[in-house]
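What follows is the content of structure28.json (JSON, C-alpha atoms and all ligand atoms).
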[["chain", "number", "residue", "atom", "x", "y", "z"],
["P", 196, "MET", "CA", 7.28, -0.76, 34.00],
["P", 197, "SER", "CA", 7.25, -0.09, 37.73],
["P", 198, "SER", "CA", 9.03, 3.02, 38.96],
["P", 199, "ALA", "CA", 8.17, 6.20, 40.85],
["P", 200, "PRO", "CA", 6.63, 8.71, 38.46],
["P", 201, "VAL", "CA", 9.16, 11.14, 37.04],
["P", 202, "ILE", "CA", 6.37, 13.23, 35.55],
["P", 203, "GLU", "CA", 2.98, 13.84, 37.16],
["P", 204, "LEU", "CA", 0.38, 16.03, 35.48],
["P", 205, "THR", "CA", -2.88, 16.95, 37.19],
["P", 206, "SER", "CA", -5.66, 18.78, 35.30],
["P", 207, "LEU", "CA", -2.96, 20.50, 33.27],
["P", 208, "SER", "CA", -4.20, 23.22, 30.93],
["P", 209, "LYS", "CA", -2.73, 25.85, 28.63],
["P", 210, "THR", "CA", -4.68, 28.31, 26.51],
["P", 211, "PHE", "CA", -3.50, 30.78, 23.87],
["P", 212, "GLY", "CA", -6.26, 33.34, 23.33],
["P", 213, "SER", "CA", -9.26, 31.24, 22.34],
["P", 214, "THR", "CA", -7.15, 28.15, 21.53],
["P", 215, "ILE", "CA", -7.05, 25.44, 24.17],
["P", 216, "ALA", "CA", -3.64, 23.91, 23.43],
["P", 217, "VAL", "CA", -3.58, 21.53, 26.42],
["P", 218, "ASP", "CA", -6.92, 20.60, 27.91],
["P", 219, "ASP", "CA", -7.27, 19.32, 31.47],
["P", 220, "LEU", "CA", -4.61, 16.62, 31.15],
["P", 221, "ASP", "CA", -3.98, 13.97, 33.81],
["P", 222, "TRP", "CA", -0.99, 11.73, 33.24],
["P", 223, "SER", "CA", 2.06, 10.26, 34.94],
["P", 224, "GLY", "CA", 5.10, 8.44, 33.63],
["P", 225, "GLY", "CA", 8.45, 6.99, 34.63],
["P", 226, "LEU", "CA", 11.42, 5.23, 33.07],
["P", 227, "GLY", "CA", 11.60, 4.30, 29.40],
["P", 228, "VAL", "CA", 11.06, 5.79, 25.99],
["P", 229, "ILE", "CA", 7.62, 7.37, 25.58],
["P", 230, "GLY", "CA", 6.40, 8.49, 22.16],
["P", 231, "LEU", "CA", 3.96, 11.35, 21.75],
["P", 232, "LEU", "CA", 1.88, 11.24, 18.56],
["P", 233, "GLY", "CA", -0.76, 13.65, 17.34],
["P", 234, "PRO", "CA", -1.67, 15.81, 14.36],
["P", 235, "ASN", "CA", -0.27, 19.29, 13.72],
["P", 236, "GLY", "CA", -1.60, 21.63, 16.37],
["P", 237, "ALA", "CA", -2.50, 18.79, 18.77],
["P", 238, "GLY", "CA", -0.62, 20.44, 21.65],
["P", 239, "LYS", "CA", 2.51, 18.27, 21.69],
["P", 240, "SER", "CA", 5.04, 21.11, 21.70],
["P", 241, "THR", "CA", 3.02, 23.08, 24.23],
["P", 242, "LEU", "CA", 3.00, 20.09, 26.57],
["P", 243, "LEU", "CA", 6.73, 19.45, 26.09],
["P", 244, "ARG", "CA", 7.57, 23.13, 26.66],
["P", 245, "MET", "CA", 5.70, 23.09, 29.97],
["P", 246, "LEU", "CA", 7.57, 19.93, 30.99],
["P", 247, "ALA", "CA", 10.86, 21.54, 30.00],
["P", 248, "THR", "CA", 10.02, 24.47, 32.34],
["P", 249, "VAL", "CA", 10.11, 27.06, 29.54],
["P", 250, "LEU", "CA", 6.35, 27.70, 29.54],
["P", 251, "ALA", "CA", 4.04, 28.09, 32.52],
["P", 252, "GLN", "CA", 0.63, 26.43, 32.63],
["P", 253, "ASP", "CA", -2.62, 28.35, 33.15],
["P", 254, "GLY", "CA", -4.31, 25.63, 35.15],
["P", 255, "GLY", "CA", -3.53, 22.40, 36.99],
["P", 256, "ALA", "CA", -0.22, 21.15, 38.31],
["P", 257, "ILE", "CA", 3.04, 19.72, 37.01],
["P", 258, "LYS", "CA", 5.47, 17.69, 39.07],
["P", 259, "VAL", "CA", 8.82, 16.65, 37.65],
["P", 260, "PHE", "CA", 10.98, 14.50, 39.97],
["P", 261, "GLY", "CA", 8.37, 15.46, 42.58],
["P", 262, "LEU", "CA", 9.33, 19.15, 42.13],
["P", 263, "ASP", "CA", 7.18, 22.05, 41.00],
["P", 264, "PRO", "CA", 8.41, 24.06, 37.97],
["P", 265, "ALA", "CA", 6.38, 27.07, 39.18],
["P", 266, "ASP", "CA", 8.75, 27.38, 42.16],
["P", 267, "ALA", "CA", 12.08, 29.08, 41.26],
["P", 268, "ASP", "CA", 14.30, 26.77, 43.36],
["P", 269, "ASP", "CA", 12.48, 23.67, 42.20],
["P", 270, "ARG", "CA", 12.69, 24.86, 38.59],
["P", 271, "LEU", "CA", 16.47, 25.15, 38.83],
["P", 272, "ALA", "CA", 16.69, 21.69, 40.39],
["P", 273, "ILE", "CA", 14.59, 20.26, 37.56],
["P", 274, "ARG", "CA", 16.68, 21.99, 34.89],
["P", 275, "ARG", "CA", 19.85, 20.46, 36.30],
["P", 276, "ARG", "CA", 18.46, 17.00, 35.57],
["P", 277, "LEU", "CA", 16.74, 17.82, 32.29],
["P", 278, "GLY", "CA", 17.75, 17.78, 28.61],
["P", 279, "TYR", "CA", 15.46, 19.57, 26.17],
["P", 280, "LEU", "CA", 15.40, 19.72, 22.40],
["P", 281, "PRO", "CA", 12.92, 22.36, 21.21],
["P", 282, "GLN", "CA", 11.09, 21.89, 17.89],
["P", 283, "GLU", "CA", 12.99, 24.91, 16.55],
["P", 284, "ALA", "CA", 16.39, 25.10, 18.19],
["P", 285, "GLY", "CA", 18.09, 28.46, 17.68],
["P", 286, "LEU", "CA", 21.84, 27.88, 17.28],
["P", 287, "TYR", "CA", 24.61, 30.45, 17.17],
["P", 288, "ARG", "CA", 25.50, 30.12, 13.52],
["P", 289, "ASN", "CA", 29.10, 31.33, 13.73],
["P", 290, "PHE", "CA", 30.10, 28.87, 16.47],
["P", 291, "THR", "CA", 31.59, 25.54, 15.52],
["P", 292, "ALA", "CA", 29.55, 22.51, 16.55],
["P", 293, "PHE", "CA", 32.09, 21.73, 19.26],
["P", 294, "ASP", "CA", 32.19, 25.28, 20.66],
["P", 295, "LEU", "CA", 28.42, 25.50, 20.69],
["P", 296, "VAL", "CA", 27.94, 22.27, 22.62],
["P", 297, "ASP", "CA", 30.85, 23.24, 24.90],
["P", 298, "TYR", "CA", 29.11, 26.56, 25.60],
["P", 299, "VAL", "CA", 25.89, 24.77, 26.54],
["P", 300, "ALA", "CA", 27.97, 22.48, 28.77],
["P", 301, "VAL", "CA", 29.29, 25.57, 30.62],
["P", 302, "LEU", "CA", 25.70, 26.74, 31.11],
["P", 303, "LYS", "CA", 24.92, 23.28, 32.41],
["P", 304, "GLU", "CA", 27.61, 23.84, 35.04],
["P", 305, "ILE", "CA", 30.08, 21.21, 33.88],
["P", 306, "THR", "CA", 32.93, 23.38, 35.16],
["P", 307, "ASP", "CA", 35.95, 21.07, 35.06],
["P", 308, "ARG", "CA", 37.44, 21.68, 31.62],
["P", 309, "PRO", "CA", 38.86, 18.21, 30.78],
["P", 310, "THR", "CA", 35.63, 16.57, 32.03],
["P", 311, "ARG", "CA", 33.57, 19.01, 30.01],
["P", 312, "ARG", "CA", 35.50, 18.53, 26.78],
["P", 313, "ALA", "CA", 35.28, 14.76, 27.13],
["P", 314, "GLU", "CA", 31.54, 15.05, 27.69],
["P", 315, "VAL", "CA", 31.13, 17.32, 24.64],
["P", 316, "ARG", "CA", 33.02, 14.77, 22.52],
["P", 317, "ARG", "CA", 30.87, 11.95, 23.89],
["P", 318, "VAL", "CA", 27.54, 13.57, 23.00],
["P", 319, "LEU", "CA", 28.77, 14.71, 19.57],
["P", 320, "ASP", "CA", 29.85, 11.14, 18.93],
["P", 321, "ASP", "CA", 26.41, 9.88, 20.07],
["P", 322, "VAL", "CA", 24.82, 11.90, 17.26],
["P", 323, "GLY", "CA", 27.46, 11.00, 14.67],
["P", 324, "MET", "CA", 29.05, 14.45, 14.51],
["P", 325, "THR", "CA", 32.64, 13.55, 15.43],
["P", 326, "ASP", "CA", 34.01, 14.12, 11.93],
["P", 327, "ASP", "CA", 32.23, 17.45, 11.51],
["P", 328, "MET", "CA", 32.52, 18.89, 15.01],
["P", 329, "HIS", "CA", 34.92, 21.68, 14.08],
["P", 330, "ARG", "CA", 32.76, 23.03, 11.27],
["P", 331, "ARG", "CA", 30.76, 26.18, 11.83],
["P", 332, "ILE", "CA", 27.02, 25.70, 12.39],
["P", 333, "ARG", "CA", 26.11, 27.85, 9.38],
["P", 334, "THR", "CA", 28.03, 25.53, 7.04],
["P", 335, "LEU", "CA", 26.25, 22.38, 8.29],
["P", 336, "SER", "CA", 23.24, 20.79, 6.59],
["P", 337, "GLY", "CA", 19.83, 21.06, 8.27],
["P", 338, "GLY", "CA", 19.97, 17.48, 9.58],
["P", 339, "MET", "CA", 23.47, 18.02, 10.96],
["P", 340, "GLN", "CA", 22.37, 21.20, 12.76],
["P", 341, "ARG", "CA", 19.51, 19.23, 14.25],
["P", 342, "ARG", "CA", 21.97, 16.61, 15.51],
["P", 343, "VAL", "CA", 24.13, 19.30, 17.15],
["P", 344, "ALA", "CA", 21.07, 20.60, 19.03],
["P", 345, "LEU", "CA", 20.29, 17.03, 20.05],
["P", 346, "ALA", "CA", 23.85, 16.53, 21.30],
["P", 347, "ALA", "CA", 23.43, 19.57, 23.54],
["P", 348, "ALA", "CA", 20.29, 18.01, 25.04],
["P", 349, "LEU", "CA", 22.22, 14.84, 25.90],
["P", 350, "LEU", "CA", 24.90, 16.67, 27.94],
["P", 351, "GLY", "CA", 25.36, 15.53, 31.51],
["P", 352, "ARG", "CA", 23.26, 12.36, 31.12],
["P", 353, "PRO", "CA", 19.91, 13.92, 32.13],
["P", 354, "ASP", "CA", 17.33, 11.89, 34.07],
["P", 355, "LEU", "CA", 14.62, 13.34, 31.86],
["P", 356, "LEU", "CA", 14.98, 14.00, 28.13],
["P", 357, "VAL", "CA", 12.24, 16.05, 26.49],
["P", 358, "LEU", "CA", 12.71, 15.90, 22.73],
["P", 359, "ASP", "CA", 10.41, 17.70, 20.31],
["P", 360, "GLU", "CA", 10.58, 15.80, 17.00],
["P", 361, "PRO", "CA", 14.19, 14.65, 17.43],
["P", 362, "SER", "CA", 14.23, 12.66, 14.21],
["P", 363, "ALA", "CA", 12.76, 15.38, 11.98],
["P", 364, "GLY", "CA", 15.16, 15.93, 9.08],
["P", 365, "LEU", "CA", 17.44, 12.99, 9.94],
["P", 366, "ASP", "CA", 18.38, 10.50, 7.23],
["P", 367, "PRO", "CA", 17.52, 6.80, 7.76],
["P", 368, "ASP", "CA", 21.01, 5.96, 8.95],
["P", 369, "GLN", "CA", 20.98, 8.74, 11.56],
["P", 370, "ARG", "CA", 17.47, 7.76, 12.65],
["P", 371, "LEU", "CA", 18.70, 4.28, 13.43],
["P", 372, "ARG", "CA", 21.62, 5.69, 15.38],
["P", 373, "LEU", "CA", 19.24, 7.93, 17.32],
["P", 374, "ARG", "CA", 16.99, 4.98, 18.17],
["P", 375, "THR", "CA", 19.93, 3.05, 19.54],
["P", 376, "VAL", "CA", 21.17, 5.97, 21.64],
["P", 377, "LEU", "CA", 17.72, 6.82, 23.04],
["P", 378, "SER", "CA", 16.83, 3.18, 23.76],
["P", 379, "GLU", "CA", 20.01, 2.87, 25.79],
["P", 380, "ILE", "CA", 19.23, 6.09, 27.69],
["P", 381, "GLY", "CA", 15.65, 4.90, 28.28],
["P", 382, "ARG", "CA", 16.94, 2.05, 30.43],
["P", 383, "ARG", "CA", 17.93, 4.44, 33.21],
["P", 384, "ALA", "CA", 16.07, 7.66, 32.36],
["P", 385, "THR", "CA", 12.78, 8.99, 31.05],
["P", 386, "VAL", "CA", 12.75, 9.93, 27.38],
["P", 387, "LEU", "CA", 9.62, 11.71, 26.18],
["P", 388, "LEU", "CA", 9.67, 12.50, 22.48],
["P", 389, "SER", "CA", 7.17, 13.80, 19.98],
["P", 390, "THR", "CA", 7.16, 12.44, 16.45],
["P", 391, "HIS", "CA", 5.02, 12.07, 13.35],
["P", 392, "GLN", "CA", 6.64, 8.71, 12.55],
["P", 393, "THR", "CA", 4.45, 5.88, 13.78],
["P", 394, "GLU", "CA", 6.99, 3.26, 12.69],
["P", 395, "GLU", "CA", 9.52, 4.93, 14.95],
["P", 396, "VAL", "CA", 7.19, 4.59, 17.92],
["P", 397, "ALA", "CA", 6.60, 0.94, 17.04],
["P", 398, "ALA", "CA", 10.34, 0.36, 16.78],
["P", 399, "PHE", "CA", 11.60, 1.68, 20.09],
["P", 400, "CYS", "CA", 9.01, 3.28, 22.39],
["P", 401, "GLN", "CA", 7.69, 1.28, 25.34],
["P", 402, "ARG", "CA", 4.71, 3.55, 25.71],
["P", 403, "VAL", "CA", 2.78, 5.73, 23.30],
["P", 404, "LEU", "CA", 0.49, 8.68, 23.86],
["P", 405, "VAL", "CA", -1.89, 10.09, 21.28],
["P", 406, "LEU", "CA", -2.80, 13.72, 21.80],
["P", 407, "ASP", "CA", -5.39, 15.72, 19.88],
["P", 408, "HIS", "CA", -6.98, 19.06, 20.70],
["P", 409, "GLY", "CA", -4.91, 19.01, 23.88],
["P", 410, "ARG", "CA", -6.52, 15.81, 25.13],
["P", 411, "LEU", "CA", -5.12, 12.35, 25.54],
["P", 412, "LEU", "CA", -6.88, 9.93, 23.18],
["P", 413, "PHE", "CA", -4.67, 6.95, 23.94],
["P", 414, "ASP", "CA", -2.05, 5.86, 26.49],
["P", 415, "GLY", "CA", -0.61, 2.36, 26.25],
["P", 416, "SER", "CA", 1.91, 0.14, 24.52],
["P", 417, "PRO", "CA", 2.50, 0.43, 20.76],
["P", 418, "ARG", "CA", 1.07, -3.08, 20.42],
["P", 419, "ASP", "CA", -2.13, -2.02, 22.19],
["P", 420, "LEU", "CA", -2.47, 0.93, 19.84],
["P", 421, "ALA", "CA", -2.14, -1.33, 16.80],
["P", 422, "ASN", "CA", -4.60, -3.76, 18.40],
["P", 423, "ARG", "CA", -7.22, -1.04, 18.58],
["P", 424, "ALA", "CA", -7.62, -1.58, 14.85],
["P", 425, "VAL", "CA", -7.97, -5.39, 14.93],
["P", 426, "GLY", "CA", -10.89, -6.33, 12.67],
["P", 427, "ARG", "CA", -11.20, -2.73, 11.48],
["P", 428, "VAL", "CA", -8.76, -2.65, 8.56],
["P", 429, "TRP", "CA", -9.51, -4.07, 5.14],
["P", 430, "ILE", "CA", -8.19, -3.97, 1.61],
["P", 431, "SER", "CA", -10.37, -3.27, -1.40],
["P", 432, "GLU", "CA", -9.97, -2.41, -5.06],
["P", 433, "GLN", "CA", -12.13, 0.71, -4.87],
["P", 434, "PRO", "CA", -12.38, 3.23, -2.00],
["P", 435, "ASP", "CA", -15.08, 2.07, 0.39],
["P", 436, "THR", "CA", -17.59, 4.85, 1.02],
["P", 437, "ASP", "CA", -18.48, 3.35, 4.41],
["P", 438, "ALA", "CA", -14.88, 3.58, 5.63],
["P", 439, "LEU", "CA", -13.80, 6.22, 8.13],
["P", 440, "ARG", "CA", -10.61, 6.65, 6.10],
["P", 441, "SER", "CA", -9.36, 5.14, 2.84],
["P", 442, "TRP", "CA", -5.98, 5.57, 1.20],
["P", 443, "VAL", "CA", -3.94, 4.12, -1.62],
["P", 444, "THR", "CA", -1.05, 1.84, -0.64],
["P", 445, "GLY", "CA", 2.24, 1.40, -2.47],
["P", 446, "ASP", "CA", 0.79, -1.74, -4.11],
["P", 447, "GLY", "CA", -2.03, 0.30, -5.63],
["P", 448, "ASP", "CA", -4.62, -1.31, -3.32],
["P", 449, "ILE", "CA", -7.01, 0.71, -1.21],
["P", 450, "ARG", "CA", -6.58, 0.35, 2.54],
["P", 451, "ASN", "CA", -9.66, 1.20, 4.61],
["P", 452, "ILE", "CA", -10.29, 1.65, 8.32],
["P", 453, "GLY", "CA", -13.66, 1.67, 10.01],
["P", 454, "VAL", "CA", -16.35, -1.00, 10.28],
["P", 455, "PRO", "CA", -15.67, -3.45, 7.44],
["P", 456, "PRO", "CA", -18.52, -4.62, 5.23],
["P", 457, "ALA", "CA", -19.43, -8.32, 5.17],
["P", 458, "ALA", "CA", -16.92, -10.46, 3.24],
["P", 459, "ALA", "CA", -14.31, -7.69, 3.37],
["P", 460, "ASP", "CA", -10.65, -8.67, 3.06],
["P", 461, "VAL", "CA", -9.73, -7.88, 6.67],
["P", 462, "VAL", "CA", -5.99, -7.58, 7.33],
["P", 463, "GLU", "CA", -3.61, -7.36, 10.28],
["P", 464, "PRO", "CA", -3.42, -3.76, 11.59],
["P", 465, "THR", "CA", -0.23, -1.74, 11.90],
["P", 466, "LEU", "CA", 0.46, 0.94, 14.48],
["P", 467, "ASP", "CA", -0.35, 3.48, 11.77],
["P", 468, "ASP", "CA", -3.85, 1.96, 11.42],
["P", 469, "GLY", "CA", -4.37, 2.06, 15.18],
["P", 470, "TYR", "CA", -3.24, 5.68, 15.33],
["P", 471, "LEU", "CA", -5.46, 6.74, 12.41],
["P", 472, "LEU", "CA", -8.43, 4.92, 13.91],
["P", 473, "VAL", "CA", -7.99, 6.53, 17.34],
["P", 474, "ALA", "CA", -7.48, 10.00, 15.82],
["P", 475, "THR", "CA", -10.29, 9.67, 13.25],
["P", 476, "ASP", "CA", -12.81, 8.11, 15.63],
["P", 477, "GLU", "CA", -12.32, 11.13, 17.84],
["P", 478, "ALA", "CA", -12.73, 13.58, 14.96],
["P", 479, "ALA", "CA", -15.91, 11.72, 13.92],
["P", 480, "GLY", "CA", -17.19, 12.14, 17.48],
["P", 481, "THR", "CA", -17.66, 8.41, 18.10],
["P", 501, "LIG", "N1", 2.76, 30.95, 21.28],
["P", 501, "LIG", "C1", 1.56, 30.65, 20.78],
["P", 501, "LIG", "N2", 0.63, 31.61, 20.56],
["P", 501, "LIG", "C2", -0.59, 31.30, 20.09],
["P", 501, "LIG", "N3", -1.01, 30.05, 19.81],
["P", 501, "LIG", "C3", -0.13, 29.05, 20.02],
["P", 501, "LIG", "C4", 1.19, 29.29, 20.51],
["P", 501, "LIG", "N4", 1.83, 28.11, 20.61],
["P", 501, "LIG", "C5", 0.95, 27.18, 20.20],
["P", 501, "LIG", "N5", -0.22, 27.73, 19.84],
["P", 501, "LIG", "C6", -1.43, 27.02, 19.38],
["P", 501, "LIG", "O1", -1.64, 25.93, 20.27],
["P", 501, "LIG", "C7", -2.05, 24.76, 19.57],
["P", 501, "LIG", "C8", -1.07, 23.64, 19.85],
["P", 501, "LIG", "O2", 0.18, 23.96, 19.24],
["P", 501, "LIG", "P1", 1.45, 23.03, 19.40],
["P", 501, "LIG", "O3", 2.60, 23.76, 18.82],
["P", 501, "LIG", "O4", 1.56, 22.60, 20.81],
["P", 501, "LIG", "O5", 1.04, 21.78, 18.49],
["P", 501, "LIG", "P2", 1.91, 20.51, 18.05],
["P", 501, "LIG", "O6", 1.13, 19.31, 18.45],
["P", 501, "LIG", "O7", 3.28, 20.63, 18.56],
["P", 501, "LIG", "O8", 1.88, 20.62, 16.46],
["P", 501, "LIG", "P3", 3.03, 20.23, 15.36],
["P", 501, "LIG", "O9", 2.86, 18.77, 15.07],
["P", 501, "LIG", "O10", 2.63, 21.06, 14.16],
["P", 501, "LIG", "O11", 4.36, 20.61, 15.89],
["P", 501, "LIG", "C9", -2.13, 25.18, 18.09],
["P", 501, "LIG", "O12", -3.47, 25.53, 17.83],
["P", 501, "LIG", "C10", -1.24, 26.39, 18.02],
["P", 501, "LIG", "O13", -1.65, 27.25, 16.99],
["P", 502, "MG", "MG", 5.09, 20.78, 17.71]]
Go through the file and emit its structure as structure tokens.
Amino acid sequence: MSSAPVIELTSLSKTFGSTIAVDDLDWSGGLGVIGLLGPNGAGKSTLLRMLATVLAQDGGAIKVFGLDPADADDRLAIRRRLGYLPQEAGLYRNFTAFDLVDYVAVLKEITDRPTRRAEVRRVLDDVGMTDDMHRRIRTLSGGMQRRVALAAALLGRPDLLVLDEPSAGLDPDQRLRLRTVLSEIGRRATVLLSTHQTEEVAAFCQRVLVLDHGRLLFDGSPRDLANRAVGRVWISEQPDTDALRSWVTGDGDIRNIGVPPAAADVVEPTLDDGYLLVATDEAAGT
């Protein structure tokens, strides 16, 4: 997709004590829905927090809309065009869903009251919370609370949405709704989301990144990631000791990735296979 980069990262690094959370990252991206995959502790949230201007880097540079989050004026300008859903969103539990999102809308400087209330209703509707919007946060289920936080991130139609595991805790119906909403937004904005759901990435992301140990192991289309595993996935009745990884499928077969033995029953790879191969190859140091 051709467009000016919305995000530009140059030698970006972040360290916590002796942990290198983000390691010398170079990357740029523009319009569309971009999925960020990686194991627990890979550095996804750290990267997203830096992009959302809530955490400063230790090394390298970040540009968002060509602006520098380290500069106070630039940071404010970025925040005005940004929606962010943290992995753990702290919500005022005694507010109703409507009042909470309305409060965030005030902070986002949507000052005209009728405009603001219409916008609050729009984003609550986007996340399927219209019927429950006057309930207090503390009485909502975990998935509903998550959707309220997501609604707040959608306020004001941001040019950049940074979403840390937006579908975590959502039921299948709400996941589908989320995909539809984010795909629509991705036509005119940049949506960068982290997830552990490879099928989600396959379903609606145009681009996928795989991060591990703070480094980018893959950057390309979901199809390219699946294609990484072409000729490297096979089915067997017993776990194959030569495989990099083997696991039991729902059918009771063993699915293996790695270098298949001669006469192996090689099958079409999924995105999951591609992801596991990329992540495991790295761990194996190949
Ligand atoms: N505030 C912090 N203080 C110390 N270490 C931290 C802090 N935040 C993150 N880390 C460490 O940085 C590394 C990356 O963490 P991060 O939360 O970015 O991973 P993640 O990819 O989001 O993982 P998950 O899938 O579990 O959400 C981990 O080793 C983590 O322990
Ligand atoms: Mg995280």
Please give me, as a PyMOL selection string, the residues lying within 9 Å of ligand LIG 501 (chain P) when counting all atoms listed in the file. chain P and resi 209-217+232-244+282+359-360+389-391+406-409
Select, from P:Pro361, P:Gly338, P:Gly323, P:Pro264, the residue with the minimum atom-to-atom distance to ligand MG 502 (chain P), counting only C-alpha atoms and all ligand atoms. P:Pro361
CA of Thr385 in chain P and CA of Leu365 in chain P are how many Å apart?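 Separation of CA of Thr385 in chain P and CA of Leu365 in chain P: 22.0 Å.
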Between P:Leu286, P:Val315, P:Ile332, P:Leu358, which residue has the minimum interatomic distance to ligand MG 502 (chain P), considering all atoms listed in the file?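 Of the candidates, the smallest distance to ligand MG 502 (chain P) is held by P:Leu358.
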Residues near Tyr298 in chain P, cut-off 12 Å, all atoms listed in the file, skip fewer than 6 positions along chain, as an NGL selection string: :P and (286-287 or 290-292 or 304-306 or 308 or 311-312 or 314-315 or 344 or 347 or 350)
What residues have an atom no more than 9 Å from (2.3, 19.9, 39.1) in the file's own frame, counting all atoms listed in the file, and can you write them as a list in words? Ile202, Glu203, Leu204, Thr205, Ser206, Leu207, Gly255, Ala256, Ile257, Lys258, Val259, Gly261, Leu262, Asp263, Pro264 and Ala265 of chain P
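Put simply, CA of Asp294 in chain P is 20.5 Å away from CA of Arg275 in chain P.
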Quick one: pull the distance between CA of Val201 in chain P and CA of Arg274 in chain P, Å, one decimal.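 One can read the CA of Val201 in chain P to CA of Arg274 in chain P distance as 13.4 Å.
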Need to verify the contact set: range 433-443 of chain P, 10 Å, only C-alpha atoms, exclusion of same-chain residues closer than 3 positions in sequence. Can you return it as a PyMOL selection string? chain P and resi 427-430+446-456+468+471-472+475-476+479
Given only C-alpha atoms and all ligand atoms as the counted atoms, nearest of P:Gly224, P:Lys303, P:Leu388, P:Leu335 to ligand MG 502 (chain P):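 Between P:Gly224, P:Lys303, P:Leu388, P:Leu335, the residue approaching ligand MG 502 (chain P) most closely is P:Leu388.
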Export: range 221-226 of chain P, all heavy atoms, as a compact mmCIF listing (two decimals), in the first residue's frame:
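Okay, result05.txt is ready:
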# COMPACT_ATOMS: atom_id res chain seq x y z
N ASP P 221 14.08 -0.91 13.45
CA ASP P 221 13.86 -0.01 12.32
C ASP P 221 12.59 -0.46 11.63
O ASP P 221 12.45 -1.62 11.27
CB ASP P 221 15.01 -0.11 11.31
CG ASP P 221 16.28 0.51 11.85
OD1 ASP P 221 16.28 1.71 12.12
OD2 ASP P 221 17.27 -0.25 11.99
N TRP P 222 11.65 0.47 11.44
CA TRP P 222 10.39 0.07 10.82
C TRP P 222 9.63 1.32 10.40
O TRP P 222 9.74 2.36 11.04
CB TRP P 222 9.54 -0.75 11.80
CG TRP P 222 8.31 -1.30 11.19
CD1 TRP P 222 8.22 -2.40 10.37
CD2 TRP P 222 6.98 -0.78 11.31
NE1 TRP P 222 6.92 -2.59 9.99
CE2 TRP P 222 6.14 -1.61 10.55
CE3 TRP P 222 6.43 0.30 11.99
CZ2 TRP P 222 4.77 -1.40 10.45
CZ3 TRP P 222 5.07 0.52 11.90
CH2 TRP P 222 4.25 -0.33 11.12
N SER P 223 8.84 1.22 9.33
CA SER P 223 7.91 2.31 9.04
C SER P 223 6.63 1.72 8.48
O SER P 223 6.62 0.62 7.91
CB SER P 223 8.53 3.33 8.07
OG SER P 223 8.75 2.72 6.83
N GLY P 224 5.54 2.45 8.68
CA GLY P 224 4.24 1.95 8.24
C GLY P 224 3.25 3.07 7.99
O GLY P 224 3.41 4.18 8.52
N GLY P 225 2.26 2.76 7.15
CA GLY P 225 1.23 3.75 6.81
C GLY P 225 -0.17 3.20 7.01
O GLY P 225 -0.42 2.48 7.97
N LEU P 226 -1.04 3.53 6.06
CA LEU P 226 -2.45 3.16 6.16
C LEU P 226 -2.68 1.66 6.26
O LEU P 226 -1.88 0.88 5.78
CB LEU P 226 -3.20 3.64 4.92
CG LEU P 226 -3.51 5.11 4.77
CD1 LEU P 226 -4.37 5.30 3.53
CD2 LEU P 226 -4.22 5.62 6.01
